[in-house]
Amino acid sequence: MSAPAEITRAFEDVDLGQLEMSLRSPRTLLSATLSTLAIGASVVACVPLLSVLSMLVYRGGQRLSWTALTGTPPAAFAAGGGFGNAIVGTLTMVGIAAILSVPTGVLAAAYLALFGPDTWTASAVRFAARVLTGLPSVLAGVFAYAAVVLTTGGFSAPAGGVALAVLMLPTVVLTAEDAIRMVPARMKEAAIGMGATDAQVLWRVVLPTAMPGILTGVMLAVARAAGETAPLLFTALFSNYWLVSGGRVDLMEPTASLAVLIYNFSAMPFPNQVELAWAAALVLVVLVLGFNIAGQMLSRNRHRR
Amino acid sequence: MATSTLSIHAASDPIARPPTRAERVTNRTVRFVTRLFAWSIIALVTDIVLEIAWTARPAVSRFGLGLLVHTTWDTNRDLFGLLPAIWGTLYSSLLGLAIGTVFGLAIAIVLSQDFLPRPIETLLKSLIELLAAIPSVVYGLWGIFAVIPAIRPFAAWCTEHLGWIPIFGTPLRGPGLLPASIVLAVMVLPTVSALSRDALVAVPTKLKEAAYGLGATRWETILGVLVPTAITGIAGSVMLGFGRALGETMALAMLVGNANTLSVSLFSPATTLAAVLALDFPEAKGAEAQVLMYAALVLLAITLAVNIAGTAIVTRASRGLRGAR
């Protein structure tokens, strides 16, 4: 019982005034200064974002109109015009990329998460997917150029789609693997206990349960692909015309995309084109953020469940 | 009793039954197909590397390693050199990375150490995520119309008063290394801040509490305990940010000026490997096309090395901390 008394006595030597936190003490002052600097740096880091968004809304919003959304790109000195064909082109190529990369990615993820999670193959595939994540997008374009443009003999929407698919694939695989892993083991075991084969477990239990997570990954991948420019520069090139001409869809022609339009028009000395570039940038950002938000809402629903 | 109920169920319930022959065949097919698709990813990566290496082969055997140290680029005389592009790539990425790391780390610390009230913290986090979602071509457009005009007065002042320092040696005529690096910094910031924050959050709380208990101030704890513990993860995040900066194409093609020069000046136009590819590849013929494939190969080698190192460091960091907990 003497311990508390001893402790109390030990505290008698402490000068309580010294324990006060005061900015006059160098240590506290340093800490407060660094806190201010860190918070200040965080605020400064938000400036570019606010600047980008406000310029998009201000400069892009001015020019945004029905004509801009449905027209075709104007000639050098011409007024008016729009980028309707570029919107269609972007959506077409992202669609092609999704058709190529989503089934591949999800089935590969099923192997990684379900059938052979600890195999040598699975580690190698994960490594390959991570390598692909870091692949510069321009190299995906170089690859698609060599693999598709040179073999089919021309710039086309599918060539752009292949380049975008290469960039979407790692996101789809890695997020789908995580989503499939999060399916509770008891659900799989219950299905196996009833005599289901692995294929049935995958098709009837795992994929439906993991679907929101998989879709989140797909949405994020689509958002990334929609904004990519470099891989399209020498796979889809650009075009001033609609994909549909004279009632038939011609996919094997150079195809317009929002991103390439922004790039081409940004360097032009004509104010009309620069204005259109800003309007197209606004549409592109709305498109990309739309896919991002859709993806995040899907994953939020999953967590609530 | 229990067994009899079970057997009745099994008899009356057609759902629980052994798989039929057809189902077993399907099963084997599905398993095979998933494995095939898993392998297809490895095949794709190998194909990308081989395809680029194979097309670059003529240039590699013709120009050898000399291409990496030559500076002229004259398509008419078939004279090529990649040194300015390599220099520009490293210069812009390292400068962008340095700026991005300072801000990214500050944000990671602010977001992981309860500096701000929860709602503001969530807001800041979503803003940084938004920063990562904006396409690089939009950053390029923003760089042309916002960053370059904004830094023009600063650049003019520096050239006039500090022109004797080599890095301020040339005037800013529009596009150049500094605007490109600023935009790169904005683009690598989300990578650095998100991964560094993960590394800082993963530091066991007991270490932090112990430091506070010893009387350390908040920043003594952060700089003396938290950052050193999480340093591997932070280094990995910086590595991956570097990888992103090296491979970034559009923002640089639009902002760096695309001049085949070798300069230490911040305001000088320059070029990078990715920008050379984006700009010259569509029209390249003959020897130039081969040289561009050589450039693609160099870019591939550099980014692969940096990214693999970064991933390895991040993985090792998360594994290392698991033991400390």
# chains A, B, ... in the order shown; residues from 1 in each chain; ligands from 1
call {"tool": "residues_around", "arguments": {"residues": "Gly169 in chain B", "least_positions_apart": "2", "cutoff": "9 Å", "atoms": "only C-alpha atoms", "output": "PDB file with N, CA and C atoms, in the first residue's frame"}}
result
ATOM      1  N   CYS B 158      13.504  35.177 -62.574  1.00  0.00           N
ATOM      2  CA  CYS B 158      14.667  34.326 -62.309  1.00  0.00           C
ATOM      3  C   CYS B 158      15.728  34.493 -63.381  1.00  0.00           C
ATOM      4  N   THR B 159      15.295  34.503 -64.660  1.00  0.00           N
ATOM      5  CA  THR B 159      16.283  34.630 -65.736  1.00  0.00           C
ATOM      6  C   THR B 159      16.983  35.969 -65.663  1.00  0.00           C
ATOM      7  N   LEU B 162      18.758  35.954 -61.698  1.00  0.00           N
ATOM      8  CA  LEU B 162      19.586  34.817 -61.286  1.00  0.00           C
ATOM      9  C   LEU B 162      20.113  34.060 -62.496  1.00  0.00           C
ATOM     10  N   GLY B 163      20.151  34.732 -63.645  1.00  0.00           N
ATOM     11  CA  GLY B 163      20.533  34.069 -64.883  1.00  0.00           C
ATOM     12  C   GLY B 163      21.912  33.439 -64.867  1.00  0.00           C
ATOM     13  N   TRP B 164      22.794  33.899 -63.945  1.00  0.00           N
ATOM     14  CA  TRP B 164      24.141  33.321 -63.880  1.00  0.00           C
ATOM     15  C   TRP B 164      24.134  31.906 -63.309  1.00  0.00           C
ATOM     16  N   ILE B 165      23.026  31.521 -62.619  1.00  0.00           N
ATOM     17  CA  ILE B 165      22.932  30.132 -62.167  1.00  0.00           C
ATOM     18  C   ILE B 165      22.452  29.291 -63.350  1.00  0.00           C
ATOM     19  N   PRO B 166      23.166  28.188 -63.670  1.00  0.00           N
ATOM     20  CA  PRO B 166      22.818  27.444 -64.888  1.00  0.00           C
ATOM     21  C   PRO B 166      21.347  27.023 -64.961  1.00  0.00           C
ATOM     22  N   ILE B 167      20.726  26.663 -63.819  1.00  0.00           N
ATOM     23  CA  ILE B 167      19.365  26.146 -63.931  1.00  0.00           C
ATOM     24  C   ILE B 167      18.367  27.237 -64.318  1.00  0.00           C
ATOM     25  N   PRO B 171      15.635  31.721 -70.986  1.00  0.00           N
ATOM     26  CA  PRO B 171      14.297  32.242 -70.697  1.00  0.00           C
ATOM     27  C   PRO B 171      13.213  31.209 -71.013  1.00  0.00           C
ATOM     28  N   VAL B 264      20.560  22.109 -68.779  1.00  0.00           N
ATOM     29  CA  VAL B 264      20.268  21.974 -67.352  1.00  0.00           C
ATOM     30  C   VAL B 264      19.253  23.022 -66.916  1.00  0.00           C
ATOM     31  N   SER B 265      18.895  23.935 -67.809  1.00  0.00           N
ATOM     32  CA  SER B 265      18.000  25.017 -67.412  1.00  0.00           C
ATOM     33  C   SER B 265      16.574  24.500 -67.201  1.00  0.00           C
ATOM     34  N   LEU B 266      15.955  25.015 -66.124  1.00  0.00           N
ATOM     35  CA  LEU B 266      14.586  24.634 -65.799  1.00  0.00           C
ATOM     36  C   LEU B 266      13.606  25.104 -66.867  1.00  0.00           C
ATOM     37  N   PHE B 267      13.964  26.185 -67.564  1.00  0.00           N
ATOM     38  CA  PHE B 267      13.010  26.818 -68.467  1.00  0.00           C
ATOM     39  C   PHE B 267      13.232  26.398 -69.914  1.00  0.00           C
ATOM     40  N   SER B 268      14.265  25.586 -70.139  1.00  0.00           N
ATOM     41  CA  SER B 268      14.568  25.192 -71.502  1.00  0.00           C
ATOM     42  C   SER B 268      13.568  24.134 -71.976  1.00  0.00           C
TER      43      SER B 268
END
call {"tool": "residues_around", "arguments": {"residues": "Phe115 in chain B", "least_positions_apart": "5", "cutoff": "9 Å", "atoms": "only C-alpha atoms", "output": "ChimeraX atom specification"}}
result
/A:35,39 /B:109-110,121
call {"tool": "atom_distance", "arguments": {"atom1": "CA of Leu112 in chain A", "atom2": "CA of Ala140 in chain A"}}
result
23.9 Å
call {"tool": "residues_around", "arguments": {"residues": "Leu69 in chain A", "least_positions_apart": "3", "cutoff": "10 Å", "atoms": "only C-alpha atoms", "output": "ChimeraX atom specification"}}
result
/A:64-66,72,81-87,276,279-280,283
call {"tool": "write_last_selection", "arguments": {"atoms": "N, CA and C atoms", "output": "PDB file, in the first residue's frame"}}
result
ATOM      1  N   LEU A  64     -20.034  24.537 -74.434  1.00  0.00           N
ATOM      2  CA  LEU A  64     -20.809  23.310 -74.470  1.00  0.00           C
ATOM      3  C   LEU A  64     -22.227  23.593 -74.963  1.00  0.00           C
ATOM      4  N   SER A  65     -22.620  22.896 -76.015  1.00  0.00           N
ATOM      5  CA  SER A  65     -23.965  23.093 -76.549  1.00  0.00           C
ATOM      6  C   SER A  65     -24.365  21.824 -77.276  1.00  0.00           C
ATOM      7  N   TRP A  66     -25.593  21.797 -77.738  1.00  0.00           N
ATOM      8  CA  TRP A  66     -26.078  20.622 -78.451  1.00  0.00           C
ATOM      9  C   TRP A  66     -25.258  20.420 -79.727  1.00  0.00           C
ATOM     10  N   THR A  72     -19.535  17.421 -85.986  1.00  0.00           N
ATOM     11  CA  THR A  72     -18.239  16.818 -86.289  1.00  0.00           C
ATOM     12  C   THR A  72     -17.183  17.920 -86.262  1.00  0.00           C
ATOM     13  N   GLY A  81     -18.994  23.600 -85.279  1.00  0.00           N
ATOM     14  CA  GLY A  81     -18.494  22.243 -85.209  1.00  0.00           C
ATOM     15  C   GLY A  81     -18.634  21.657 -83.820  1.00  0.00           C
ATOM     16  N   GLY A  82     -18.271  20.389 -83.687  1.00  0.00           N
ATOM     17  CA  GLY A  82     -18.416  19.729 -82.397  1.00  0.00           C
ATOM     18  C   GLY A  82     -17.595  18.461 -82.356  1.00  0.00           C
ATOM     19  N   PHE A  83     -17.944  17.577 -81.434  1.00  0.00           N
ATOM     20  CA  PHE A  83     -17.134  16.361 -81.281  1.00  0.00           C
ATOM     21  C   PHE A  83     -18.014  15.142 -81.015  1.00  0.00           C
ATOM     22  N   GLY A  84     -19.204  15.129 -81.621  1.00  0.00           N
ATOM     23  CA  GLY A  84     -20.098  13.985 -81.426  1.00  0.00           C
ATOM     24  C   GLY A  84     -19.448  12.685 -81.863  1.00  0.00           C
ATOM     25  N   ASN A  85     -18.745  12.712 -82.993  1.00  0.00           N
ATOM     26  CA  ASN A  85     -18.124  11.479 -83.474  1.00  0.00           C
ATOM     27  C   ASN A  85     -17.023  11.003 -82.525  1.00  0.00           C
ATOM     28  N   ALA A  86     -16.379  11.959 -81.827  1.00  0.00           N
ATOM     29  CA  ALA A  86     -15.334  11.564 -80.882  1.00  0.00           C
ATOM     30  C   ALA A  86     -15.932  10.889 -79.648  1.00  0.00           C
ATOM     31  N   ILE A  87     -17.097  11.375 -79.201  1.00  0.00           N
ATOM     32  CA  ILE A  87     -17.758  10.721 -78.063  1.00  0.00           C
ATOM     33  C   ILE A  87     -18.101   9.283 -78.438  1.00  0.00           C
ATOM     34  N   LEU A 276     -13.253  24.281 -78.327  1.00  0.00           N
ATOM     35  CA  LEU A 276     -13.812  22.933 -78.454  1.00  0.00           C
ATOM     36  C   LEU A 276     -13.005  21.937 -77.625  1.00  0.00           C
ATOM     37  N   ALA A 279     -14.267  22.208 -74.141  1.00  0.00           N
ATOM     38  CA  ALA A 279     -15.587  21.591 -74.002  1.00  0.00           C
ATOM     39  C   ALA A 279     -15.460  20.074 -74.011  1.00  0.00           C
ATOM     40  N   ALA A 280     -14.600  19.549 -74.917  1.00  0.00           N
ATOM     41  CA  ALA A 280     -14.402  18.102 -74.974  1.00  0.00           C
ATOM     42  C   ALA A 280     -13.762  17.592 -73.684  1.00  0.00           C
ATOM     43  N   VAL A 283     -16.441  17.233 -71.126  1.00  0.00           N
ATOM     44  CA  VAL A 283     -17.234  16.021 -71.357  1.00  0.00           C
ATOM     45  C   VAL A 283     -16.443  14.789 -70.930  1.00  0.00           C
TER      46      VAL A 283
END
call {"tool": "residues_around", "arguments": {"residues": "Tyr145 in chain A", "least_positions_apart": "6", "cutoff": "10 Å", "atoms": "only C-alpha atoms", "output": "JSON, numbers by chain"}}
result
{"A": [139, 151, 152, 153, 154, 155, 159, 160, 162, 163, 231, 232, 233, 234, 235, 236], "B": [281, 282]}
